[in-house]
>>> print(open('structure.cif').read())   # mmCIF, C-alpha atoms, pLDDT in the B column; chains and numbers go by the auth columns
data_input
loop_
_atom_site.group_PDB
_atom_site.id
_atom_site.type_symbol
_atom_site.label_atom_id
_atom_site.label_comp_id
_atom_site.label_asym_id
_atom_site.label_seq_id
_atom_site.Cartn_x
_atom_site.Cartn_y
_atom_site.Cartn_z
_atom_site.B_iso_or_equiv
_atom_site.auth_seq_id
_atom_site.auth_asym_id
ATOM 1 C CA MET A 1 0.000 0.000 0.000 49.00 216 A
ATOM 2 C CA THR A 2 1.162 3.485 -0.665 55.00 217 A
ATOM 3 C CA THR A 3 0.872 6.221 1.919 57.00 218 A
ATOM 4 C CA SER A 4 -1.998 7.784 -0.031 64.00 219 A
ATOM 5 C CA THR A 5 -4.117 4.623 0.287 74.00 220 A
ATOM 6 C CA LEU A 6 -3.570 3.997 4.009 72.00 221 A
ATOM 7 C CA LYS A 7 -6.530 4.528 6.266 77.00 222 A
ATOM 8 C CA LYS A 8 -5.988 6.747 9.290 76.00 223 A
ATOM 9 C CA PHE A 9 -7.334 5.993 12.737 75.00 224 A
ATOM 10 C CA LEU A 10 -7.457 8.116 15.863 72.00 225 A
ATOM 11 C CA ILE A 11 -7.164 6.164 19.080 72.00 226 A
ATOM 12 C CA LEU A 12 -7.966 7.785 22.407 68.00 227 A
ATOM 13 C CA TYR A 13 -7.892 6.172 25.791 69.00 228 A
ATOM 14 C CA LEU A 14 -9.689 7.669 28.754 70.00 229 A
ATOM 15 C CA ALA A 15 -9.413 5.983 32.122 75.00 230 A
ATOM 16 C CA PRO A 16 -12.105 6.751 34.691 78.00 231 A
ATOM 17 C CA THR A 17 -10.829 9.436 37.065 77.00 232 A
ATOM 18 C CA ASP A 18 -11.718 7.328 40.099 83.00 233 A
ATOM 19 C CA VAL A 19 -9.460 4.548 38.803 85.00 234 A
ATOM 20 C CA ILE A 20 -6.601 7.011 38.317 83.00 235 A
ATOM 21 C CA SER A 21 -7.174 8.462 41.792 85.00 236 A
ATOM 22 C CA GLU A 22 -7.104 5.021 43.398 91.00 237 A
ATOM 23 C CA TRP A 23 -3.980 4.058 41.454 90.00 238 A
ATOM 24 C CA ALA A 24 -2.260 7.214 42.719 89.00 239 A
ATOM 25 C CA LYS A 25 -2.924 6.021 46.286 93.00 240 A
ATOM 26 C CA THR A 26 -1.160 2.708 45.649 95.00 241 A
ATOM 27 C CA ASP A 27 1.982 2.207 47.694 96.00 242 A
ATOM 28 C CA PRO A 28 4.913 3.479 45.584 94.00 243 A
ATOM 29 C CA ALA A 29 6.790 0.224 46.243 96.00 244 A
ATOM 30 C CA THR A 30 3.981 -1.585 44.406 96.00 245 A
ATOM 31 C CA ARG A 31 3.077 1.112 41.883 94.00 246 A
ATOM 32 C CA LYS A 32 6.559 1.869 40.517 94.00 247 A
ATOM 33 C CA PRO A 33 7.433 -1.702 39.410 96.00 248 A
ATOM 34 C CA ALA A 34 3.956 -2.098 37.889 95.00 249 A
ATOM 35 C CA GLU A 35 4.341 1.156 35.961 91.00 250 A
ATOM 36 C CA GLU A 36 7.807 0.123 34.779 94.00 251 A
ATOM 37 C CA THR A 37 6.372 -3.181 33.549 95.00 252 A
ATOM 38 C CA MET A 38 3.524 -1.417 31.729 90.00 253 A
ATOM 39 C CA ARG A 39 5.957 1.089 30.188 90.00 254 A
ATOM 40 C CA ALA A 40 8.248 -1.733 29.010 94.00 255 A
ATOM 41 C CA GLU A 41 5.323 -3.689 27.536 93.00 256 A
ATOM 42 C CA TRP A 42 4.061 -0.565 25.743 87.00 257 A
ATOM 43 C CA GLY A 43 7.554 0.158 24.409 89.00 258 A
ATOM 44 C CA ARG A 44 7.876 -3.430 23.168 94.00 259 A
ATOM 45 C CA TRP A 45 4.463 -3.237 21.429 89.00 260 A
ATOM 46 C CA MET A 46 5.362 0.105 19.842 86.00 261 A
ATOM 47 C CA GLY A 47 8.647 -1.350 18.600 90.00 262 A
ATOM 48 C CA GLU A 48 6.934 -4.376 17.085 92.00 263 A
ATOM 49 C CA HIS A 49 4.309 -2.227 15.363 87.00 264 A
ATOM 50 C CA ALA A 50 6.367 0.865 14.521 86.00 265 A
ATOM 51 C CA LYS A 51 5.943 0.482 10.757 86.00 266 A
ATOM 52 C CA MET A 52 2.176 0.782 10.987 83.00 267 A
ATOM 53 C CA ILE A 53 2.273 3.943 13.123 80.00 268 A
ATOM 54 C CA THR A 54 2.938 6.760 10.705 77.00 269 A
ATOM 55 C CA LEU A 55 1.886 9.738 12.799 75.00 270 A
ATOM 56 C CA THR A 56 1.483 10.573 16.462 73.00 271 A
ATOM 57 C CA GLU A 57 -0.158 13.747 17.657 69.00 272 A
ATOM 58 C CA ALA A 58 -1.491 15.132 20.886 64.00 273 A
ATOM 59 C CA ALA A 59 -5.270 15.404 21.032 61.00 274 A
ATOM 60 C CA GLY A 60 -5.335 18.644 23.002 57.00 275 A
ATOM 61 C CA LYS A 61 -7.148 19.477 26.210 56.00 276 A
ATOM 62 C CA THR A 62 -9.135 16.690 27.797 59.00 277 A
ATOM 63 C CA ARG A 63 -12.847 17.329 27.454 57.00 278 A
ATOM 64 C CA GLN A 64 -15.786 15.171 28.399 57.00 279 A
ATOM 65 C CA SER A 65 -18.818 15.033 26.122 56.00 280 A
ATOM 66 C CA LEU A 66 -22.105 15.785 27.784 56.00 281 A
ATOM 67 C CA PRO A 67 -25.673 15.580 26.486 58.00 282 A
ATOM 68 C CA LEU A 68 -26.140 17.797 23.438 54.00 283 A
ATOM 69 C CA ALA A 69 -27.749 20.685 25.334 56.00 284 A
ATOM 70 C CA SER A 70 -24.917 20.794 27.875 60.00 285 A
ATOM 71 C CA GLY A 71 -21.914 20.818 25.524 58.00 286 A
ATOM 72 C CA THR A 72 -18.646 19.748 27.150 56.00 287 A
ATOM 73 C CA SER A 73 -16.995 20.069 30.514 57.00 288 A
ATOM 74 C CA ARG A 74 -13.413 20.013 31.701 57.00 289 A
ATOM 75 C CA THR A 75 -12.154 16.729 33.058 58.00 290 A
ATOM 76 C CA ARG A 76 -8.724 15.536 34.058 59.00 291 A
ATOM 77 C CA SER A 77 -6.486 12.944 32.558 55.00 292 A
ATOM 78 C CA CYS A 78 -3.360 11.280 33.782 54.00 293 A
ATOM 79 C CA CYS A 79 -0.500 9.440 32.210 52.00 294 A
ATOM 80 C CA ILE A 80 2.371 7.358 33.450 48.00 295 A
ATOM 81 C CA ARG A 81 5.417 9.566 33.256 45.00 296 A
ATOM 82 C CA SER A 82 8.892 8.228 32.722 39.00 297 A
#
>>> encode(input="structure.cif", output="structure tokens")
Amino acid sequence: MTTSTLKKFLILYLAPTDVISEWAKTDPATRKPAEETMRAEWGRWMGEHAKMITLTEAAGKTRQSLPLASGTSRTRSCCIRS
């Protein structure tokens, strides 16, 4: 396939804020090795699939969709930082 015929997909992941909050409370002795494992697994997956990922971009501010009449509201997001 040439670049002009490739389909593009946007993938977003939003974890529930209560899950993120609970994870942040996890004992650092438990949390740090788990985060290192997740980071390593993600890095391995990215390496194995690098040829199919042609573009990475930030999606901007995190917003939560509300019913049509309400619009959107601010919400928070979190990521594992290296």
>>> atom_distance(input="structure.cif", atom1="atom CA of A:Glu251", atom2="atom CA of A:Lys266")
24.1 Å
>>> atom_distance(input="structure.cif", atom1="atom CA of A:Gly258", atom2="atom CA of A:Thr271")
14.4 Å
>>> closest_residue(input="structure.cif", among="A:Glu263, A:Lys222, A:Ile268, A:Trp238", to="A:Glu250", atoms="all atoms listed in the file")
A:Trp238
>>> atom_distance(input="structure.cif", atom1="atom CA of A:Thr220", atom2="atom CA of A:Thr269")
12.8 Å
